[in-house]
file my_file23.tsv (TSV, C-alpha atoms)
chain	number	residue	atom	x	y	z
Z	548	MET	CA	227.03	179.65	15.89
Z	549	THR	CA	228.91	180.20	12.65
Z	550	GLY	CA	230.67	183.42	11.75
Z	551	ARG	CA	228.05	183.98	9.03
Z	552	ALA	CA	225.21	183.79	11.59
Z	553	ALA	CA	227.06	186.04	14.00
Z	554	LEU	CA	227.65	188.64	11.33
Z	555	ARG	CA	224.07	188.56	10.13
Z	556	LEU	CA	222.85	188.88	13.70
Z	557	GLY	CA	223.94	192.49	13.53
Z	558	ARG	CA	221.35	193.06	10.79
Z	559	LEU	CA	218.43	192.35	13.17
Z	560	ARG	CA	216.11	195.34	13.01
Z	561	ARG	CA	213.62	196.41	15.59
Z	562	VAL	CA	210.34	198.03	14.54
Z	563	THR	CA	208.82	199.48	17.71
Z	564	PRO	CA	205.14	200.45	17.99
Z	565	GLU	CA	204.49	203.96	19.22
Z	566	GLY	CA	202.30	202.71	22.05
Z	567	ARG	CA	201.81	199.29	23.62
Z	568	ALA	CA	198.25	198.14	24.15
Z	569	GLY	CA	199.28	195.04	26.10
Z	570	GLN	CA	201.46	194.76	29.15
Z	571	PRO	CA	205.17	194.08	28.58
Z	572	ALA	CA	206.84	191.53	30.82
Z	573	GLU	CA	208.33	194.12	33.17
Z	574	ALA	CA	204.88	195.56	33.75
Z	575	ARG	CA	203.70	192.03	34.55
Z	576	GLY	CA	206.30	191.82	37.32
Z	577	ALA	CA	209.06	189.81	35.65
Z	578	ARG	CA	211.29	188.02	38.11
Z	579	PRO	CA	214.78	189.30	38.97
Z	580	ARG	CA	217.54	187.32	37.30
Z	581	ARG	CA	220.46	185.51	38.91
Z	582	ARG	CA	223.88	185.86	37.35
Z	583	GLY	CA	225.25	182.88	35.46
Z	584	ALA	CA	222.02	180.95	34.78
Z	585	GLN	CA	220.46	180.33	31.38
Z	586	PRO	CA	217.00	181.52	30.40
Z	587	LYS	CA	214.17	179.07	30.93
Z	588	VAL	CA	212.50	178.78	27.53
Z	589	VAL	CA	209.26	177.02	26.59
Z	590	ALA	CA	208.44	176.48	22.90
Z	591	LEU	CA	204.89	175.70	21.80
Z	592	GLY	CA	203.82	174.22	18.47
Z	593	GLY	CA	203.94	171.05	16.44
Z	594	GLY	CA	205.36	169.48	13.32
Z	595	MET	CA	208.28	170.91	11.37
Z	596	GLY	CA	207.71	174.47	12.59
Z	597	LEU	CA	208.30	173.51	16.21
Z	598	SER	CA	211.25	171.34	15.18
Z	599	ALA	CA	212.89	174.35	13.50
Z	600	SER	CA	212.40	176.45	16.60
Z	601	LEU	CA	213.79	173.75	18.91
Z	602	ALA	CA	216.83	173.16	16.70
Z	603	ALA	CA	217.60	176.87	17.09
Z	604	LEU	CA	216.75	177.24	20.78
Z	605	ARG	CA	218.87	174.29	21.93
Z	606	ARG	CA	221.89	176.19	20.60
Z	607	ILE	CA	221.38	179.05	23.07
Z	608	THR	CA	219.91	177.52	26.24
Z	609	GLY	CA	220.14	174.27	28.14
Z	610	ASP	CA	216.84	174.88	29.93
Z	611	LEU	CA	214.34	174.17	27.17
Z	612	THR	CA	210.87	172.59	27.20
Z	613	ALA	CA	208.72	171.79	24.17
Z	614	VAL	CA	204.94	171.72	24.62
Z	615	VAL	CA	203.48	169.82	21.67
Z	616	THR	CA	200.02	169.67	20.12
Z	617	VAL	CA	198.21	166.31	20.25
Z	618	ALA	CA	195.56	166.67	17.53
Z	619	ASP	CA	197.36	164.83	14.71
Z	620	ASP	CA	195.17	162.18	13.09
Z	621	GLY	CA	197.08	161.34	9.93
Z	622	GLY	CA	199.74	158.83	8.92
Z	623	SER	CA	201.42	156.58	11.46
Z	624	SER	CA	200.20	158.71	14.37
Z	625	GLY	CA	196.61	158.51	13.22
Z	626	ARG	CA	196.77	154.74	12.81
Z	627	LEU	CA	198.21	154.25	16.30
Z	628	ARG	CA	195.68	156.66	17.74
Z	629	ASP	CA	192.76	154.83	16.11
Z	630	GLU	CA	193.99	151.34	16.96
Z	631	LEU	CA	195.24	151.89	20.51
Z	632	GLY	CA	193.45	155.03	21.69
Z	633	VAL	CA	196.74	156.76	22.54
Z	634	LEU	CA	197.94	160.32	22.10
Z	635	PRO	CA	199.30	160.81	18.57
Z	636	PRO	CA	203.08	160.42	19.02
Z	637	GLY	CA	204.35	161.89	15.74
Z	638	ASP	CA	204.81	165.55	16.68
Z	639	LEU	CA	206.29	164.49	20.04
Z	640	ARG	CA	208.78	162.29	18.15
Z	641	LYS	CA	209.75	165.15	15.82
Z	642	ALA	CA	210.36	167.43	18.79
Z	643	LEU	CA	212.60	164.84	20.46
Z	644	ALA	CA	214.56	164.41	17.22
Z	645	ALA	CA	215.05	168.19	16.96
Z	646	LEU	CA	216.49	168.24	20.49
Z	647	CYS	CA	219.12	165.60	19.70
Z	648	GLY	CA	222.69	166.85	19.82
Z	649	ASP	CA	224.98	167.35	16.83
Z	650	ASP	CA	227.38	164.60	17.97
Z	651	ASP	CA	227.36	161.05	16.57
Z	652	TRP	CA	225.12	159.73	19.37
Z	653	GLY	CA	222.52	162.44	18.93
Z	654	GLN	CA	222.41	162.34	15.16
Z	655	THR	CA	222.32	158.53	15.03
Z	656	TRP	CA	219.36	158.38	17.40
Z	657	ALA	CA	217.62	161.23	15.58
Z	658	ARG	CA	217.81	159.22	12.36
Z	659	VAL	CA	216.66	156.03	14.10
Z	660	ILE	CA	213.51	157.46	15.68
Z	661	GLN	CA	212.63	159.26	12.42
Z	662	HIS	CA	213.11	156.08	10.37
Z	663	ARG	CA	209.96	154.76	8.68
Z	664	PHE	CA	209.52	151.13	7.72
Z	665	GLN	CA	208.82	150.38	4.07
Z	666	SER	CA	206.91	147.17	3.55
Z	667	LYS	CA	203.77	145.62	2.09
Z	668	GLY	CA	202.42	144.85	5.55
Z	669	ASP	CA	201.04	146.57	8.63
Z	670	LEU	CA	204.37	148.20	9.54
Z	671	HIS	CA	204.47	150.23	6.33
Z	672	GLU	CA	205.19	153.92	7.03
Z	673	HIS	CA	205.21	153.48	10.80
Z	674	ALA	CA	208.01	155.53	12.39
Z	675	VAL	CA	210.34	153.75	14.83
Z	676	GLY	CA	210.03	156.60	17.32
Z	677	ASN	CA	206.24	156.43	17.30
Z	678	LEU	CA	206.33	152.74	18.21
Z	679	LEU	CA	208.96	153.33	20.91
Z	680	ILE	CA	206.98	156.14	22.53
Z	681	VAL	CA	203.70	154.20	22.51
Z	682	ALA	CA	205.42	151.09	23.90
Z	683	LEU	CA	206.76	153.09	26.84
Z	684	TRP	CA	203.36	154.69	27.43
Z	685	GLU	CA	201.88	151.21	27.71
Z	686	GLN	CA	204.73	149.96	29.90
Z	687	LEU	CA	204.84	152.91	32.29
Z	688	GLY	CA	201.28	154.20	32.13
Z	689	ASP	CA	202.54	157.78	32.29
Z	690	HIS	CA	202.92	160.10	29.29
Z	691	VAL	CA	205.45	162.44	30.86
Z	692	GLN	CA	207.62	159.78	32.47
Z	693	ALA	CA	207.82	157.86	29.19
Z	694	LEU	CA	208.79	160.93	27.15
Z	695	ASP	CA	211.42	161.87	29.72
Z	696	LEU	CA	212.86	158.36	29.43
Z	697	VAL	CA	213.02	158.57	25.63
Z	698	GLY	CA	214.71	161.96	25.99
Z	699	ARG	CA	217.40	160.47	28.24
Z	700	LEU	CA	217.98	157.62	25.78
Z	701	LEU	CA	218.46	160.09	22.94
Z	702	GLY	CA	220.51	162.56	24.95
Z	703	ALA	CA	217.89	165.19	24.08
Z	704	GLN	CA	218.91	168.74	24.98
Z	705	GLY	CA	215.56	169.64	26.51
Z	706	ARG	CA	212.24	168.19	27.60
Z	707	VAL	CA	209.19	167.28	25.50
Z	708	LEU	CA	205.63	167.40	26.90
Z	709	PRO	CA	202.20	166.94	25.33
Z	710	MET	CA	199.93	169.97	25.72
Z	711	SER	CA	196.93	167.84	26.75
Z	712	ALA	CA	196.49	164.50	28.45
Z	713	VAL	CA	193.88	163.33	25.92
Z	714	PRO	CA	193.97	163.09	22.11
Z	715	LEU	CA	192.12	166.01	20.54
Z	716	GLU	CA	190.07	166.34	17.39
Z	717	LEU	CA	190.60	169.58	15.50
Z	718	GLN	CA	187.55	171.06	13.81
Z	719	ALA	CA	187.47	174.10	11.53
Z	720	LEU	CA	184.78	176.33	10.12
Z	721	VAL	CA	185.72	176.76	6.46
Z	722	LYS	CA	184.11	179.12	3.99
Z	723	GLY	CA	183.98	177.79	0.45
Z	724	HIS	CA	185.17	174.28	1.37
Z	725	ASP	CA	182.91	173.09	-1.43
Z	726	PRO	CA	183.88	175.09	-4.55
Z	727	ALA	CA	180.30	174.73	-5.79
Z	728	ARG	CA	179.12	176.68	-2.71
Z	729	PRO	CA	181.78	179.39	-2.27
Z	730	ASP	CA	179.77	181.48	0.23
Z	731	GLU	CA	178.72	178.66	2.56
Z	732	VAL	CA	180.57	177.67	5.74
Z	733	ASP	CA	181.16	173.99	6.49
Z	734	THR	CA	182.71	172.16	9.43
Z	735	VAL	CA	185.88	170.27	8.52
Z	736	ARG	CA	187.09	167.63	10.97
Z	737	GLY	CA	190.58	166.32	11.62
Z	738	GLN	CA	193.99	167.99	11.68
Z	739	ALA	CA	195.21	166.30	8.50
Z	740	THR	CA	192.10	167.48	6.63
Z	741	VAL	CA	192.17	171.01	8.04
Z	742	ALA	CA	195.83	171.42	7.07
Z	743	LEU	CA	195.02	170.88	3.38
Z	744	THR	CA	191.46	172.14	3.19
Z	745	PRO	CA	190.32	174.17	0.19
Z	746	GLY	CA	188.45	177.33	1.05
Z	747	GLU	CA	189.10	179.90	3.76
Z	748	VAL	CA	189.49	178.76	7.37
Z	749	GLN	CA	187.41	181.07	9.57
Z	750	SER	CA	188.18	179.56	12.98
Z	751	VAL	CA	189.17	176.34	14.70
Z	752	HIS	CA	188.21	174.59	17.90
Z	753	VAL	CA	189.03	171.28	19.57
Z	754	VAL	CA	186.93	168.36	20.79
Z	755	PRO	CA	186.60	167.89	23.70
Z	756	HIS	CA	186.00	171.62	24.13
Z	757	ASP	CA	187.56	171.77	27.62
Z	758	PRO	CA	190.52	169.38	27.37
Z	759	PRO	CA	192.75	168.83	30.41
Z	760	ALA	CA	196.23	170.28	30.12
Z	761	VAL	CA	199.28	168.32	31.21
Z	762	PRO	CA	200.20	169.85	34.60
Z	763	GLU	CA	203.92	169.84	33.82
Z	764	ALA	CA	203.27	171.85	30.65
Z	765	VAL	CA	201.27	174.46	32.56
Z	766	ALA	CA	203.97	174.66	35.24
Z	767	ALA	CA	206.70	175.09	32.62
Z	768	VAL	CA	204.88	178.04	31.01
Z	769	ARG	CA	204.27	179.71	34.36
Z	770	ASP	CA	207.92	179.30	35.41
Z	771	ALA	CA	209.52	180.32	32.09
Z	772	ASP	CA	211.59	183.37	31.31
Z	773	TRP	CA	210.56	183.24	27.63
Z	774	VAL	CA	207.74	181.47	25.81
Z	775	VAL	CA	208.05	181.00	22.03
Z	776	LEU	CA	204.88	180.38	20.00
Z	777	GLY	CA	205.32	179.29	16.38
Z	778	PRO	CA	206.38	178.96	13.65
Z	779	GLY	CA	204.21	176.20	12.22
Z	780	SER	CA	200.88	175.35	10.64
Z	781	TRP	CA	198.82	178.25	11.98
Z	782	PHE	CA	195.41	176.67	12.48
Z	783	SER	CA	196.52	173.09	13.11
Z	784	SER	CA	199.72	173.46	15.17
Z	785	VAL	CA	199.98	176.99	16.63
Z	786	ILE	CA	196.45	178.09	17.57
Z	787	PRO	CA	195.44	174.75	19.21
Z	788	HIS	CA	197.59	175.62	22.23
Z	789	LEU	CA	195.30	178.58	22.85
Z	790	LEU	CA	192.26	176.27	22.90
Z	791	VAL	CA	193.32	174.39	26.04
Z	792	PRO	CA	191.89	176.56	28.85
Z	793	GLU	CA	194.52	175.85	31.51
Z	794	LEU	CA	197.32	176.42	29.05
Z	795	LEU	CA	195.79	179.68	27.80
Z	796	ASP	CA	195.40	180.86	31.41
Z	797	ALA	CA	199.08	180.12	31.99
Z	798	LEU	CA	200.05	182.04	28.84
Z	799	THR	CA	198.03	185.10	29.86
Z	800	GLU	CA	199.13	185.04	33.50
Z	801	THR	CA	202.80	184.03	33.25
Z	802	LYS	CA	205.51	186.55	34.06
Z	803	ALA	CA	207.50	185.21	31.12
Z	804	ARG	CA	208.05	187.29	28.01
Z	805	LEU	CA	206.33	185.95	24.90
Z	806	VAL	CA	207.68	185.91	21.36
Z	807	LEU	CA	205.59	184.93	18.34
Z	808	SER	CA	207.68	183.51	15.49
Z	809	LEU	CA	206.00	183.92	12.10
Z	810	ASN	CA	206.18	181.54	9.16
Z	811	LEU	CA	208.32	182.25	6.13
Z	812	ALA	CA	205.45	181.71	3.69
Z	813	PRO	CA	201.73	180.94	3.68
Z	814	GLN	CA	200.87	177.24	3.92
Z	815	PRO	CA	199.05	175.78	0.89
Z	816	GLY	CA	195.45	175.13	1.82
Z	817	GLU	CA	195.45	176.27	5.43
Z	818	THR	CA	196.69	179.85	5.05
Z	819	ASP	CA	196.75	180.45	1.30
Z	820	GLY	CA	197.09	184.17	0.60
Z	821	PHE	CA	197.71	185.14	4.23
Z	822	SER	CA	199.90	188.17	4.85
Z	823	PRO	CA	202.07	188.24	8.00
Z	824	GLN	CA	199.64	190.64	9.67
Z	825	ARG	CA	196.68	188.40	8.88
Z	826	HIS	CA	198.32	185.62	10.89
Z	827	LEU	CA	198.21	187.96	13.88
Z	828	GLU	CA	194.60	188.92	13.22
Z	829	VAL	CA	193.36	185.32	13.33
Z	830	LEU	CA	195.47	184.68	16.43
Z	831	ALA	CA	193.77	187.63	18.14
Z	832	ARG	CA	190.34	186.27	17.24
Z	833	HIS	CA	191.10	183.01	19.01
Z	834	ALA	CA	192.84	184.53	22.06
Z	835	PRO	CA	191.84	188.20	22.45
Z	836	LYS	CA	193.41	188.49	25.92
Z	837	LEU	CA	196.82	187.20	24.85
Z	838	ALA	CA	199.68	189.71	25.19
Z	839	LEU	CA	202.96	189.39	23.31
Z	840	ASP	CA	206.29	191.10	23.75
Z	841	VAL	CA	207.91	190.43	20.37
Z	842	VAL	CA	206.79	189.33	16.91
Z	843	LEU	CA	209.70	187.83	14.96
Z	844	ALA	CA	209.55	187.70	11.15
Z	845	ASP	CA	212.00	187.15	8.33
Z	846	GLU	CA	212.78	190.53	6.82
Z	847	ALA	CA	212.33	189.23	3.26
Z	848	ALA	CA	208.86	187.79	4.04
Z	849	VAL	CA	207.30	191.10	5.16
Z	850	PRO	CA	206.28	193.25	2.19
Z	851	ASP	CA	204.28	195.71	4.34
Z	852	ARG	CA	206.16	196.45	7.55
Z	853	ASP	CA	203.81	199.20	8.67
Z	854	SER	CA	200.78	196.90	8.55
Z	855	LEU	CA	202.61	194.22	10.53
Z	856	THR	CA	203.65	196.79	13.11
Z	857	ASP	CA	200.04	197.95	13.44
Z	858	ALA	CA	198.84	194.38	13.92
Z	859	ALA	CA	201.50	193.76	16.56
Z	860	LYS	CA	200.32	196.82	18.50
Z	861	GLY	CA	197.12	195.00	19.32
Z	862	PHE	CA	199.18	192.51	21.31
Z	863	GLY	CA	201.42	195.19	22.83
Z	864	ALA	CA	204.35	193.79	20.88
Z	865	ALA	CA	207.39	195.12	19.07
Z	866	VAL	CA	208.33	193.66	15.69
Z	867	GLU	CA	211.78	192.19	15.07
Z	868	LEU	CA	212.87	191.64	11.48
Z	869	ALA	CA	215.81	189.32	10.92
Z	870	PRO	CA	217.22	187.08	8.17
Z	871	VAL	CA	216.21	183.64	9.46
Z	872	ALA	CA	215.53	181.70	6.23
Z	873	ARG	CA	217.85	179.21	4.59
Z	874	THR	CA	219.81	180.64	1.68
Z	875	ASP	CA	218.71	177.91	-0.75
Z	876	GLY	CA	215.42	179.68	-1.43
Z	877	SER	CA	213.24	177.10	0.34
Z	878	PRO	CA	210.69	178.33	2.92
Z	879	ARG	CA	212.61	176.76	5.80
Z	880	HIS	CA	214.32	178.33	8.78
Z	881	ASP	CA	218.09	178.21	9.13
Z	882	PRO	CA	218.67	176.94	12.70
Z	883	GLU	CA	221.78	179.03	13.28
Z	884	LEU	CA	220.28	182.24	11.94
Z	885	LEU	CA	217.08	181.62	13.90
Z	886	ALA	CA	219.17	180.96	17.00
Z	887	ALA	CA	220.97	184.25	16.46
Z	888	ALA	CA	217.63	186.07	16.22
Z	889	TYR	CA	216.26	184.44	19.37
Z	890	ASP	CA	219.47	185.16	21.25
Z	891	ARG	CA	219.33	188.82	20.25
Z	892	ILE	CA	215.68	189.08	21.35
Z	893	PHE	CA	216.31	187.36	24.69
Z	894	ARG	CA	219.23	189.68	25.42
Z	895	MET	CA	217.74	192.97	24.30
Z	896	HIS	CA	214.01	192.96	25.07
Z	897	GLY	CA	213.13	193.94	28.58
Z	898	ARG	CA	216.23	192.47	30.12
Z	899	ILE	CA	217.13	194.50	33.21
Z	900	GLY	CA	219.62	192.12	34.81
Z	901	PRO	CA	221.33	188.78	34.11
Z	902	TRP	CA	219.29	185.60	33.83
Z	903	ARG	CA	218.25	184.26	37.21
call {"tool": "encode", "arguments": {"input": "my_file23.tsv", "output": "structure tokens"}}
result
Amino acid sequence: MTGRAALRLGRLRRVTPEGRAGQPAEARGARPRRRGAQPKVVALGGGMGLSASLAALRRITGDLTAVVTVADDGGSSGRLRDELGVLPPGDLRKALAALCGDDDWGQTWARVIQHRFQSKGDLHEHAVGNLLIVALWEQLGDHVQALDLVGRLLGAQGRVLPMSAVPLELQALVKGHDPARPDEVDTVRGQATVALTPGEVQSVHVVPHDPPAVPEAVAAVRDADWVVLGPGSWFSSVIPHLLVPELLDALTETKARLVLSLNLAPQPGETDGFSPQRHLEVLARHAPKLALDVVLADEAAVPDRDSLTDAAKGFGAAVELAPVARTDGSPRHDPELLAAAYDRIFRMHGRIGPWR
């Protein structure tokens, strides 16, 4: 952590709701901690949002698991999914790259697995890491074992798991998808389409409607000290985790503390015009029984702090405001500043004793 991040960590502000509608972790019977151990952290999401969170979290804990959405149907992942019937590997690859170390080995392998071929043939735009992951799936016949093996090759500082054992199709109900019929609601199919859809996304669901969760992912959530949900594409990367019944049960029953990490800006198409509090409102519609402990937001991205605090109350959560954006003006998280915010939250919220 740089001196700049450490200094700015002191600017983290807590906005505490007057009453908590949900149960905080201590009320859920959080486990006693053992001195000297690191927190067990599970991060849920997909795409660049999850990558940003993992790049931050690997700086503060060595016990880190990523649980990744498997609904992608675009690009290289979509082509491999269609041709071979496999899980889409792209978001899994991005998570593995984010967990690579900052040394020469880690950064070299991160670049290699992210490399895309440029050609006039069938390999055009395929990512090396996608092909490697799918090859190991076919060789080993086991999603988890193959991803663990890729992680060891890369020297990844954490584990990557798919959230479901089958590829999922994301479907959304969208109002005004056809500009000529602004009041009508249509069904839009496919993650890549949902992410860029015109109109207002009302809700999302997955097909199959009752997908099997990966047992190791469920076990990781149940055994965690902290679970981090977000940031990322809200309807296509964050909410899908709440649509896998076994995973949602684990999230509502775990003794871990839960932090929701909000985006720095609305996503064109998917969440155009969304305020920070509206992100929470649509999350509540999809998982009304979900309780949170902390909602983390960039202090410059919250124009109405009272409204966000009110929305967080519905989850029983406190709001933490911290500078977590890059200083270049782009809507991207700074990994060191985000790490500082996570570290502050892990240390200060509900911690009674040292980590187990």
call {"tool": "closest_residue", "arguments": {"input": "my_file23.tsv", "among": "Z:Leu811, Z:Leu601, Z:Ala797, Z:Leu855", "to": "Arg825 of chain Z", "atoms": "all atoms listed in the file"}}
result
Z:Leu855
call {"tool": "atom_distance", "arguments": {"input": "my_file23.tsv", "atom1": "atom CA of Lys587 of chain Z", "atom2": "atom CA of Ser780 of chain Z"}}
result
24.5 Å
call {"tool": "residues_around", "arguments": {"input": "my_file23.tsv", "residues": "Thr740 of chain Z", "least_positions_apart": "5", "cutoff": "9 Å", "atoms": "only C-alpha atoms", "output": "list of chain:residue names"}}
result
Z:Asp620, Z:Gly621, Z:Val735
call {"tool": "closest_residue", "arguments": {"input": "my_file23.tsv", "among": "Z:Val589, Z:Val774, Z:Leu597, Z:Ala703", "to": "Pro882 of chain Z", "atoms": "only C-alpha atoms"}}
result
Z:Leu597
call {"tool": "closest_atom_pairs", "arguments": {"input": "my_file23.tsv", "of": "segment 737-775 of chain Z", "to": "segment 830-836 of chain Z", "cutoff": "12 Å", "atoms": "all atoms listed in the file", "output": "JSON lines"}}
result
{"residue": "Z:Gln749", "atom": "CA", "partner": "Z:Arg832", "partner_atom": "CA", "distance": 9.7}
{"residue": "Z:Ser750", "atom": "CA", "partner": "Z:His833", "partner_atom": "CA", "distance": 7.5}
{"residue": "Z:Val751", "atom": "CA", "partner": "Z:His833", "partner_atom": "CA", "distance": 8.2}
{"residue": "Z:His752", "atom": "CA", "partner": "Z:His833", "partner_atom": "CA", "distance": 9.0}
{"residue": "Z:Val753", "atom": "CA", "partner": "Z:His833", "partner_atom": "CA", "distance": 11.9}
call {"tool": "closest_residue", "arguments": {"input": "my_file23.tsv", "among": "Z:Gly593, Z:Gly625, Z:Gly698, Z:Pro850", "to": "Gly737 of chain Z", "atoms": "only C-alpha atoms"}}
result
Z:Gly625
call {"tool": "residues_around", "arguments": {"input": "my_file23.tsv", "residues": "Pro870 of chain Z", "least_positions_apart": "4", "cutoff": "7 Å", "atoms": "only C-alpha atoms", "output": "list in words"}}
result
Asp845, Glu846 and Leu884 of chain Z
call {"tool": "write_last_selection", "arguments": {"input": "my_file23.tsv", "atoms": "C-alpha atoms", "output": "PDB file, in the coordinates of the input"}}
result
ATOM      1  CA  ASP Z 845     212.000 187.150   8.330  1.00  0.00           C
ATOM      2  CA  GLU Z 846     212.780 190.530   6.820  1.00  0.00           C
ATOM      3  CA  LEU Z 884     220.280 182.240  11.940  1.00  0.00           C
TER       4      LEU Z 884
END
call {"tool": "closest_residue", "arguments": {"input": "my_file23.tsv", "among": "Z:Val748, Z:Gln824, Z:Ala838, Z:Val806", "to": "Thr856 of chain Z", "atoms": "all atoms listed in the file"}}
result
Z:Gln824
call {"tool": "closest_residue", "arguments": {"input": "my_file23.tsv", "among": "Z:Gln704, Z:Ala674, Z:Asp840, Z:Asp695", "to": "Thr608 of chain Z", "atoms": "all atoms listed in the file"}}
result
Z:Gln704
call {"tool": "closest_residue", "arguments": {"input": "my_file23.tsv", "among": "Z:Leu670, Z:Val681, Z:Val732, Z:Ile607", "to": "Ala888 of chain Z", "atoms": "all atoms listed in the file"}}
result
Z:Ile607
call {"tool": "residues_around", "arguments": {"input": "my_file23.tsv", "residues": "Asp733 of chain Z", "least_positions_apart": "4", "cutoff": "10 Å", "atoms": "all atoms listed in the file", "output": "PDB file with C-alpha atoms, in the coordinates of the input"}}
result
ATOM      1  CA  ALA Z 719     187.470 174.100  11.530  1.00  0.00           C
ATOM      2  CA  LEU Z 720     184.780 176.330  10.120  1.00  0.00           C
ATOM      3  CA  VAL Z 721     185.720 176.760   6.460  1.00  0.00           C
ATOM      4  CA  LYS Z 722     184.110 179.120   3.990  1.00  0.00           C
ATOM      5  CA  GLY Z 723     183.980 177.790   0.450  1.00  0.00           C
ATOM      6  CA  HIS Z 724     185.170 174.280   1.370  1.00  0.00           C
ATOM      7  CA  ASP Z 725     182.910 173.090  -1.430  1.00  0.00           C
ATOM      8  CA  ARG Z 728     179.120 176.680  -2.710  1.00  0.00           C
ATOM      9  CA  GLY Z 746     188.450 177.330   1.050  1.00  0.00           C
ATOM     10  CA  VAL Z 748     189.490 178.760   7.370  1.00  0.00           C
ATOM     11  CA  GLN Z 749     187.410 181.070   9.570  1.00  0.00           C
TER      12      GLN Z 749
END
call {"tool": "axis_aligned_box", "arguments": {"input": "my_file23.tsv", "around": "segment 755-761 of chain Z", "padding_each_side": "5 Å", "output": "lines of an AutoDock Vina configuration file"}}
result
center_x = 192.6
center_y = 169.8
center_z = 27.5
size_x = 23.3
size_y = 13.9
size_z = 17.5
call {"tool": "atom_distance", "arguments": {"input": "my_file23.tsv", "atom1": "atom CA of Asp875 of chain Z", "atom2": "atom CA of Leu604 of chain Z"}}
result
21.6 Å
call {"tool": "atom_distance", "arguments": {"input": "my_file23.tsv", "atom1": "atom CA of Val691 of chain Z", "atom2": "atom CA of Gly592 of chain Z"}}
result
17.2 Å
call {"tool": "residues_around", "arguments": {"input": "my_file23.tsv", "residues": "Leu591 of chain Z", "least_positions_apart": "2", "cutoff": "9 Å", "atoms": "only C-alpha atoms", "output": "number ranges by chain"}}
result
Z: 589, 593, 597, 612-616, 710, 774-778, 784-785, 788
call {"tool": "residues_around", "arguments": {"input": "my_file23.tsv", "residues": "Gln585 of chain Z", "least_positions_apart": "6", "cutoff": "12 Å", "atoms": "all atoms listed in the file", "output": "list in words"}}
result
Leu604, Arg605, Arg606, Ile607, Thr608, Gly609, Asp610, Leu611, Ala771, Asp772, Trp773, Asp890, Phe893, Arg894, Pro901, Trp902 and Arg903 of chain Z
